[in-house]
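Encoded as structure tokens, the structure appears first; notes follow it.
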Amino acid sequence: MPKRPAFTLIELLVVIAIIAVLIGLLVPAVQKVRGAAARSQCQNNLHQIGLAMHGHHDLYKCFPPSFAKPSNWGWQVWILPFVEQDNLYALLNPNATSISLSAATIQKVPVYVCPSDVESLINNYFGGYGKSNYAVSEQICDGGSSYQMRDITDGTSNTLLAGERDMLNQVAAIWAGRHTPTGVVSVLGRPTWPINTKYAGGTTCCAADTNCTRYAWSSLHPGGANFVFCDASVHFLGAAIPTDPTQQSCNKPVSSNYTFQNLYFKDDGNVVNSDDY
């Protein structure tokens, strides 16, 4: 029988090299597609949250508080019926109870988790409660507040409602509410630090974070973070959006004519430069 032609060693090495090059080209492409899908899902989450906040406002004539007093149940608890989590809402019974660590409050609520943040679903920065990747603006939802749409005199399309915070470079948030030992940061975000500022307090919250970097909004999407505005529209704000460098501290933000601050304050009267986002 005639011998079949065989690959030479050089030919085999060439084939292996070609395959390696193809894999090298394919892997980043796959990662890019996955990243885009995660960012899109995160934007959908925020849109659903925005619609849920509108549903709450339609029914109760106000936005929910960032946390209720004295129960400390958070804003994401009060909108559970509007994100198809009626059973969890009924189990918590927030009108008759106070926040506490339980099997119910460590659950994953899918619409509150960004798929880009693959860190633990339990947030040990805030007492081991279930993680949320979304922190609300206290301009719209403060402790015990009941702000109405008419209070947003700068316009709902010009005012932030909530934004992302990851748990790889930051402390994320919790959906259950205010974690008393660590304070309001478990539910709130502030524009005092630029988007994607890293947490400076180590592996616990919050004694070592003396300048309150923990309030920053942040994400694992390259270049910025997703935000839902008060009209339920979702925008990706770049990390380089102009923000006031003099406010990088633990003080509450004050109105100043920088784009990030202008988007944050609901009634400062400043004109928002849409070219900045």
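Ordering of the structure tokens sets the chain letters (A, B, ...), residue numbers begin anew at 1 in every chain, and ligands are numbered from 1 in the order given.
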Nearby residues (only C-alpha atoms) at most 6 Å from segment 138-148 of chain A, same-chain spacing under 2 positions excluded, as a PyMOL selection string:
chain A and resi 62-63+65-69+150-151
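Near Val272 of chain A, within 8 Å and counting only C-alpha atoms, sit Asn158, Thr259, Asn262 and Leu263 of chain A; same-chain residues fewer than 4 positions away were not included.
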For N, CA and C atoms, I'd like the residues from the last selection saved as a PDB file, in the first residue's frame.
ATOM      1  N   ASN A 158     -32.953  66.028  33.527  1.00  0.00           N
ATOM      2  CA  ASN A 158     -31.679  66.660  33.872  1.00  0.00           C
ATOM      3  C   ASN A 158     -31.222  66.312  35.284  1.00  0.00           C
ATOM      4  N   THR A 259     -20.773  69.864  35.902  1.00  0.00           N
ATOM      5  CA  THR A 259     -21.826  69.051  35.295  1.00  0.00           C
ATOM      6  C   THR A 259     -22.338  67.956  36.217  1.00  0.00           C
ATOM      7  N   ASN A 262     -24.451  69.527  38.806  1.00  0.00           N
ATOM      8  CA  ASN A 262     -25.681  70.047  38.213  1.00  0.00           C
ATOM      9  C   ASN A 262     -26.697  68.941  37.941  1.00  0.00           C
ATOM     10  N   LEU A 263     -26.200  67.772  37.545  1.00  0.00           N
ATOM     11  CA  LEU A 263     -27.095  66.633  37.330  1.00  0.00           C
ATOM     12  C   LEU A 263     -27.627  66.080  38.651  1.00  0.00           C
TER      13      LEU A 263
END
Non-local contacts of Asn95 of chain A (10 Å; only C-alpha atoms; under 4 positions in same chain excluded) as JSON, numbers by chain
{"A": [68, 71, 73, 78, 89, 90]}
Go ahead and dump the residues you just picked, C-alpha atoms, as a short mmCIF file (atom, residue, chain, number, x, y, z; two decimals), in the first residue's frame.
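The result, stored in part_22.cif:
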data_model
loop_
_atom_site.label_atom_id
_atom_site.label_comp_id
_atom_site.auth_asym_id
_atom_site.auth_seq_id
_atom_site.Cartn_x
_atom_site.Cartn_y
_atom_site.Cartn_z
CA ALA A 68 -37.73 54.73 56.24
CA SER A 71 -37.57 50.87 60.41
CA TRP A 73 -36.09 49.58 55.27
CA TRP A 78 -40.42 49.94 48.84
CA TYR A 89 -42.27 42.32 49.76
CA ALA A 90 -45.06 40.42 51.52
#
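The alpha helix (DSSP H) portion of segment 49-169 of chain A consists of Ile49, Gly50, Leu51, Ala52, Met53, His54, Gly55, His56, His57, Asp58, Leu59, Tyr60, Trp75, Gln76, Val77, Trp78, Asp86, Asn87, Leu88, Tyr89, Ala90, Leu91 and Leu92 of chain A, with states taken from DSSP on the backbone.
Residues within 12 Å of Gly269 of chain A, counting only C-alpha atoms and excluding same-chain residues fewer than 6 positions away, are Ile152, Thr153, Asp154, Gly155, Asn158, Thr159, Ser255, Ser256, Asn257, Gln261, Asn262 and Leu263 of chain A.
Atom pair atom CA of Leu46 of chain A / atom CA of Ala232 of chain A has a distance of 7.9 Å (rounded to one decimal).
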Show me, as a PyMOL selection string, the residues that have an atom within 7 Å of segment 186-196 of chain A when counting only C-alpha atoms, minus same-chain residues fewer than 3 positions from it.
chain A and resi 66+74+126+135-138+173-174+177-179+183+213+215-219+224+239+243+247-249+253+260-261
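Nearest to Arg165 of chain A of all the residues A:Asp231, A:Glu119, A:Asp268, A:Asp86 is A:Glu119, based on only C-alpha atoms.
Among the candidates A:Ile122, A:Leu59, A:Ala52, A:Cys205, the residue lying nearest to Val77 of chain A is A:Ala52 (atoms considered: only C-alpha atoms).
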Compile the contact shell of Gly127 of chain A as a PDB file with N, CA and C atoms, in the first residue's frame: residues with an atom at most 9 Å away, counting only C-alpha atoms, same-chain residues fewer than 2 positions apart removed.
ATOM      1  N   LEU A 101     -31.206  41.100  59.607  1.00  0.00           N
ATOM      2  CA  LEU A 101     -30.539  40.092  58.788  1.00  0.00           C
ATOM      3  C   LEU A 101     -31.305  38.781  58.893  1.00  0.00           C
ATOM      4  N   ILE A 122     -23.338  38.539  48.648  1.00  0.00           N
ATOM      5  CA  ILE A 122     -23.463  39.009  50.030  1.00  0.00           C
ATOM      6  C   ILE A 122     -22.504  40.165  50.236  1.00  0.00           C
ATOM      7  N   ASN A 123     -23.001  41.261  50.771  1.00  0.00           N
ATOM      8  CA  ASN A 123     -22.172  42.443  50.963  1.00  0.00           C
ATOM      9  C   ASN A 123     -21.692  42.504  52.411  1.00  0.00           C
ATOM     10  N   ASN A 124     -20.458  42.087  52.612  1.00  0.00           N
ATOM     11  CA  ASN A 124     -19.914  42.079  53.972  1.00  0.00           C
ATOM     12  C   ASN A 124     -19.425  43.449  54.436  1.00  0.00           C
ATOM     13  N   TYR A 125     -19.421  44.426  53.555  1.00  0.00           N
ATOM     14  CA  TYR A 125     -19.160  45.792  54.003  1.00  0.00           C
ATOM     15  C   TYR A 125     -20.317  46.302  54.857  1.00  0.00           C
ATOM     16  N   TYR A 129     -25.745  41.648  54.373  1.00  0.00           N
ATOM     17  CA  TYR A 129     -27.026  41.675  53.651  1.00  0.00           C
ATOM     18  C   TYR A 129     -26.794  41.391  52.163  1.00  0.00           C
ATOM     19  N   HIS A 179     -27.867  50.260  56.890  1.00  0.00           N
ATOM     20  CA  HIS A 179     -27.136  49.447  57.854  1.00  0.00           C
ATOM     21  C   HIS A 179     -26.616  50.389  58.934  1.00  0.00           C
ATOM     22  N   PRO A 181     -24.692  50.470  61.674  1.00  0.00           N
ATOM     23  CA  PRO A 181     -23.289  50.694  62.066  1.00  0.00           C
ATOM     24  C   PRO A 181     -22.475  51.470  61.040  1.00  0.00           C
ATOM     25  N   THR A 182     -22.831  51.389  59.767  1.00  0.00           N
ATOM     26  CA  THR A 182     -22.035  52.054  58.731  1.00  0.00           C
ATOM     27  C   THR A 182     -22.723  53.281  58.156  1.00  0.00           C
TER      28      THR A 182
END
Mind listing the strand (DSSP E) residues of segment 186-250 of chain A, per DSSP on the backbone, as a PDB file with C-alpha atoms, in the first residue's frame?
ATOM      1  CA  LEU A 188     -26.902  56.399  48.969  1.00  0.00           C
ATOM      2  CA  GLY A 189     -24.445  57.734  46.423  1.00  0.00           C
ATOM      3  CA  GLY A 224     -17.691  55.262  33.497  1.00  0.00           C
ATOM      4  CA  ALA A 225     -20.966  54.055  35.022  1.00  0.00           C
ATOM      5  CA  ASN A 226     -24.649  53.763  34.195  1.00  0.00           C
ATOM      6  CA  PHE A 227     -27.199  56.099  35.778  1.00  0.00           C
ATOM      7  CA  VAL A 228     -30.970  56.284  35.634  1.00  0.00           C
ATOM      8  CA  PHE A 229     -32.384  59.802  35.544  1.00  0.00           C
ATOM      9  CA  VAL A 234     -30.602  55.620  31.347  1.00  0.00           C
ATOM     10  CA  HIS A 235     -27.306  57.302  30.511  1.00  0.00           C
ATOM     11  CA  PHE A 236     -23.685  56.193  30.661  1.00  0.00           C
ATOM     12  CA  LEU A 237     -21.686  58.939  32.362  1.00  0.00           C
ATOM     13  CA  GLY A 238     -17.966  58.977  31.709  1.00  0.00           C
TER      14      GLY A 238
END
Give me, as a list of chain:residue names, all polymer residues having an atom no more than 8 Å from Asp117 of chain A, counting only C-alpha atoms and skipping those fewer than 2 positions away in the same chain.
A:Val113, A:Cys114, A:Pro115, A:Glu119, A:Asn133, A:Asp166, A:Met167, A:Leu168, A:Ser219, A:Leu220
Based on the selection just made, write N, CA and C atoms of those residues as a PDB file, in the first residue's frame.
ATOM      1  N   VAL A 113     -28.806  43.685  40.673  1.00  0.00           N
ATOM      2  CA  VAL A 113     -27.418  43.232  40.550  1.00  0.00           C
ATOM      3  C   VAL A 113     -26.935  43.436  39.116  1.00  0.00           C
ATOM      4  N   CYS A 114     -25.817  44.129  38.960  1.00  0.00           N
ATOM      5  CA  CYS A 114     -25.203  44.296  37.644  1.00  0.00           C
ATOM      6  C   CYS A 114     -24.411  43.040  37.300  1.00  0.00           C
ATOM      7  N   PRO A 115     -24.639  42.438  36.133  1.00  0.00           N
ATOM      8  CA  PRO A 115     -23.937  41.196  35.786  1.00  0.00           C
ATOM      9  C   PRO A 115     -22.427  41.369  35.614  1.00  0.00           C
ATOM     10  N   GLU A 119     -18.506  39.785  41.951  1.00  0.00           N
ATOM     11  CA  GLU A 119     -18.153  39.609  43.362  1.00  0.00           C
ATOM     12  C   GLU A 119     -19.332  38.965  44.104  1.00  0.00           C
ATOM     13  N   ASN A 133     -26.157  46.659  43.442  1.00  0.00           N
ATOM     14  CA  ASN A 133     -25.169  47.461  42.720  1.00  0.00           C
ATOM     15  C   ASN A 133     -25.664  48.861  42.399  1.00  0.00           C
ATOM     16  N   ASP A 166     -19.972  49.303  42.228  1.00  0.00           N
ATOM     17  CA  ASP A 166     -19.519  47.905  42.197  1.00  0.00           C
ATOM     18  C   ASP A 166     -18.903  47.494  43.528  1.00  0.00           C
ATOM     19  N   MET A 167     -18.568  46.206  43.641  1.00  0.00           N
ATOM     20  CA  MET A 167     -17.996  45.718  44.896  1.00  0.00           C
ATOM     21  C   MET A 167     -16.595  45.139  44.709  1.00  0.00           C
ATOM     22  N   LEU A 168     -15.986  45.397  43.548  1.00  0.00           N
ATOM     23  CA  LEU A 168     -14.591  45.024  43.364  1.00  0.00           C
ATOM     24  C   LEU A 168     -13.684  46.173  43.764  1.00  0.00           C
ATOM     25  N   SER A 219     -18.448  51.605  38.549  1.00  0.00           N
ATOM     26  CA  SER A 219     -18.869  50.381  37.869  1.00  0.00           C
ATOM     27  C   SER A 219     -17.653  49.639  37.351  1.00  0.00           C
ATOM     28  N   LEU A 220     -17.895  48.452  36.800  1.00  0.00           N
ATOM     29  CA  LEU A 220     -16.844  47.677  36.154  1.00  0.00           C
ATOM     30  C   LEU A 220     -16.940  47.751  34.639  1.00  0.00           C
TER      31      LEU A 220
END
Of the listed residues A:Cys250, A:Gln76, A:Ala200, A:Ala208, that which approaches Ala176 of chain A most closely, counting only C-alpha atoms
A:Gln76
